[in-house]
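Participant: Sharing a structure with you now.
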Amino acid sequence: HVQLVESGGGSVQGGGSLRLSCKASGATFWHYCMGWLRQAPEKKREGVAAIDSDRTTTYADSVKGRFSISRDNTNNTLYLQMTNLKSEDTAMYYCAARPCALRGQYNHWGQGTQVTVS
């Protein structure tokens, strides 16, 4: 069972950058497929980026070319580098995980970190 703790959120002006981190513990990190999702007020949660155990990545169209997901299996940490931030990126960002051996939805979640772009 993996525990996830996000950090790195904050307030930034449009065009700025932030790097989110997600520290994992309690399980073999590299066995997990990881993702970042976000939820803005009164909107559905949406996937932002995902990375598999072999470091294959996928991105939502809205963040392609601006966001980059990566993982450090040595330090059990997931990252989301966000650049050229826009007001529509304002949301609570969640780190999520699922065992790569199992298909389906993420079944482990962090508590979230707020990103506000003005």
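Each chain in the structure tokens gets a letter, A, B, ..., in the order shown, and its residues are numbered from 1; ligands are numbered from 1 in order too.
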If we count only C-alpha atoms and set the cut-off at 9 Å, which residues sit around A:Gln114, ignoring sequence neighbours fewer than 6 positions away in its own chain? Please answer as a list in words.

Facilitator: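 What passes the distance filter is Ser7, Gly8, Gly9, Gly10, Ser11, Thr90, Ala91, Met92, Tyr93 and Tyr94 of chain A.
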
Participant: Can you write out the residues you just picked, keeping all heavy atoms, as a compact mmCIF listing (two decimals), in the first residue's frame?

Facilitator:
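After the write, result.txt holds the following:
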# COMPACT_ATOMS: atom_id res chain seq x y z
N SER A 7 3.65 18.24 -2.83
CA SER A 7 4.15 19.55 -2.40
C SER A 7 4.50 20.36 -3.63
O SER A 7 4.54 19.83 -4.75
CB SER A 7 5.38 19.39 -1.49
OG SER A 7 6.43 18.76 -2.20
N GLY A 8 4.73 21.66 -3.41
CA GLY A 8 5.20 22.49 -4.50
C GLY A 8 4.16 23.41 -5.11
O GLY A 8 4.49 24.23 -5.97
N GLY A 9 2.92 23.29 -4.68
CA GLY A 9 1.91 24.19 -5.21
C GLY A 9 2.10 25.60 -4.69
O GLY A 9 2.94 25.87 -3.82
N GLY A 10 1.32 26.52 -5.23
CA GLY A 10 1.42 27.90 -4.80
C GLY A 10 0.72 28.82 -5.77
O GLY A 10 -0.02 28.39 -6.65
N SER A 11 0.97 30.12 -5.59
CA SER A 11 0.39 31.14 -6.45
C SER A 11 1.46 31.68 -7.37
O SER A 11 2.58 31.97 -6.94
CB SER A 11 -0.21 32.26 -5.61
OG SER A 11 -1.28 31.78 -4.84
N THR A 90 -5.40 26.80 -13.00
CA THR A 90 -5.73 26.90 -11.58
C THR A 90 -6.60 25.73 -11.16
O THR A 90 -7.65 25.48 -11.75
CB THR A 90 -6.46 28.22 -11.30
OG1 THR A 90 -5.57 29.31 -11.56
CG2 THR A 90 -6.94 28.28 -9.86
N ALA A 91 -6.14 24.99 -10.15
CA ALA A 91 -6.86 23.80 -9.70
C ALA A 91 -6.13 23.20 -8.51
O ALA A 91 -4.99 23.58 -8.19
CB ALA A 91 -6.94 22.76 -10.81
N MET A 92 -6.77 22.22 -7.88
CA MET A 92 -6.10 21.37 -6.92
C MET A 92 -5.48 20.22 -7.72
O MET A 92 -6.17 19.58 -8.51
CB MET A 92 -7.09 20.83 -5.89
CG MET A 92 -6.44 19.99 -4.80
SD MET A 92 -5.47 20.98 -3.67
CE MET A 92 -6.79 21.68 -2.65
N TYR A 93 -4.20 20.00 -7.51
CA TYR A 93 -3.49 18.96 -8.24
C TYR A 93 -3.25 17.76 -7.32
O TYR A 93 -2.76 17.93 -6.19
CB TYR A 93 -2.17 19.51 -8.76
CG TYR A 93 -2.34 20.37 -9.98
CD1 TYR A 93 -2.91 21.63 -9.89
CD2 TYR A 93 -1.95 19.92 -11.24
CE1 TYR A 93 -3.09 22.42 -11.02
CE2 TYR A 93 -2.12 20.70 -12.37
CZ TYR A 93 -2.69 21.95 -12.26
OH TYR A 93 -2.86 22.72 -13.38
N TYR A 94 -3.57 16.59 -7.84
CA TYR A 94 -3.44 15.36 -7.08
C TYR A 94 -2.46 14.41 -7.74
O TYR A 94 -2.47 14.24 -8.97
CB TYR A 94 -4.78 14.66 -6.95
CG TYR A 94 -5.83 15.44 -6.21
CD1 TYR A 94 -6.70 16.29 -6.89
CD2 TYR A 94 -5.95 15.34 -4.83
CE1 TYR A 94 -7.67 17.02 -6.22
CE2 TYR A 94 -6.92 16.06 -4.14
CZ TYR A 94 -7.77 16.89 -4.84
OH TYR A 94 -8.72 17.61 -4.16

Participant: So that I can see what lies close to A:His1, please list as a list of chain:residue names the residues with an atom at most 12 Å from it, counting only C-alpha atoms and leaving out residues fewer than 3 positions away in the same chain.

Facilitator: A:Leu4, A:Ala24, A:Ser25, A:Gly26, A:Ala27, A:Thr28, A:Phe29, A:His31, A:Tyr32, A:Ala97, A:Arg98, A:Pro99, A:Asn107, A:His108, A:Trp109

Participant: Can you work out which one of A:Ser21, A:Asn76, A:Thr116, A:Ser62 has the shortest atom-to-atom distance to A:Gly47, counting only C-alpha atoms?

Facilitator: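 Going through A:Ser21, A:Asn76, A:Thr116, A:Ser62 one by one, the smallest distance to A:Gly47 is for A:Ser62.
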
Participant: Could you go through stretch 13-111 of chain A and tell me which residues DSSP, when run on the backbone, assigns to strand (DSSP E), listing them as a PyMOL selection string?

Facilitator: chain A and resi 18-25+32-39+46-51+57-59+67-72+77-82+91-99+108-109

Participant: When you count only C-alpha atoms, which of these residues is closest to A:Val115: A:Ala40, A:Met34, A:Ala96, A:Ile69?

Facilitator: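 Using only C-alpha atoms, A:Val115 sits closest to A:Ala40.
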
Participant: Tell me which of A:Ala50, A:Arg19, A:Tyr59, A:Thr83 sits closest to A:Tyr106, counting only C-alpha atoms.

Facilitator: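 So, comparing all the options, the nearest one is A:Ala50.
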
Participant: Choose the residue, out of A:Pro41, A:Val117, A:Cys22, A:Leu102, that has the smallest atom-to-atom separation from A:Asn73; count only C-alpha atoms.

Facilitator: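 The closest residue to A:Asn73 is A:Cys22.
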
Participant: Kindly indicate which residue among A:Thr113, A:Gln3, A:Asn75, A:Ser118 lies nearest to A:Gln39, using only C-alpha atoms for the distances.

Facilitator: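 With only C-alpha atoms as the atom set, the closest residue is A:Thr113.
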
Participant: So how far away is atom CA of A:Gln111 from atom CA of A:Lys64, in Å?

Facilitator: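 A separation of 24.6 Å between them.
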
Participant: Residues near A:Asp61, anyone? I mean within 10 Å using only C-alpha atoms, not counting same-chain ones fewer than 4 positions away, as a list in words.

Facilitator: Val48, Ala49 and Gly65 of chain A

Participant: Excluding A:Arg66 and any residue of its chain fewer than 6 positions from it, enumerate the residues within 10 Å of it, using only C-alpha atoms, and give them as a JSON list (two decimals) with C-alpha atoms, in the first residue's frame.

Facilitator:
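Final output, part.json:
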[["chain", "number", "residue", "atom", "x", "y", "z"],
["A", 17, "SER", "CA", 6.46, 28.10, -13.65],
["A", 59, "TYR", "CA", -0.34, 14.29, -21.51],
["A", 81, "GLN", "CA", 7.23, 20.60, -14.13],
["A", 82, "MET", "CA", 4.75, 23.24, -15.22],
["A", 83, "THR", "CA", 5.77, 26.15, -17.43],
["A", 84, "ASN", "CA", 3.93, 28.97, -19.20],
["A", 85, "LEU", "CA", 1.13, 28.61, -16.70],
["A", 86, "LYS", "CA", -2.29, 29.95, -17.60]]
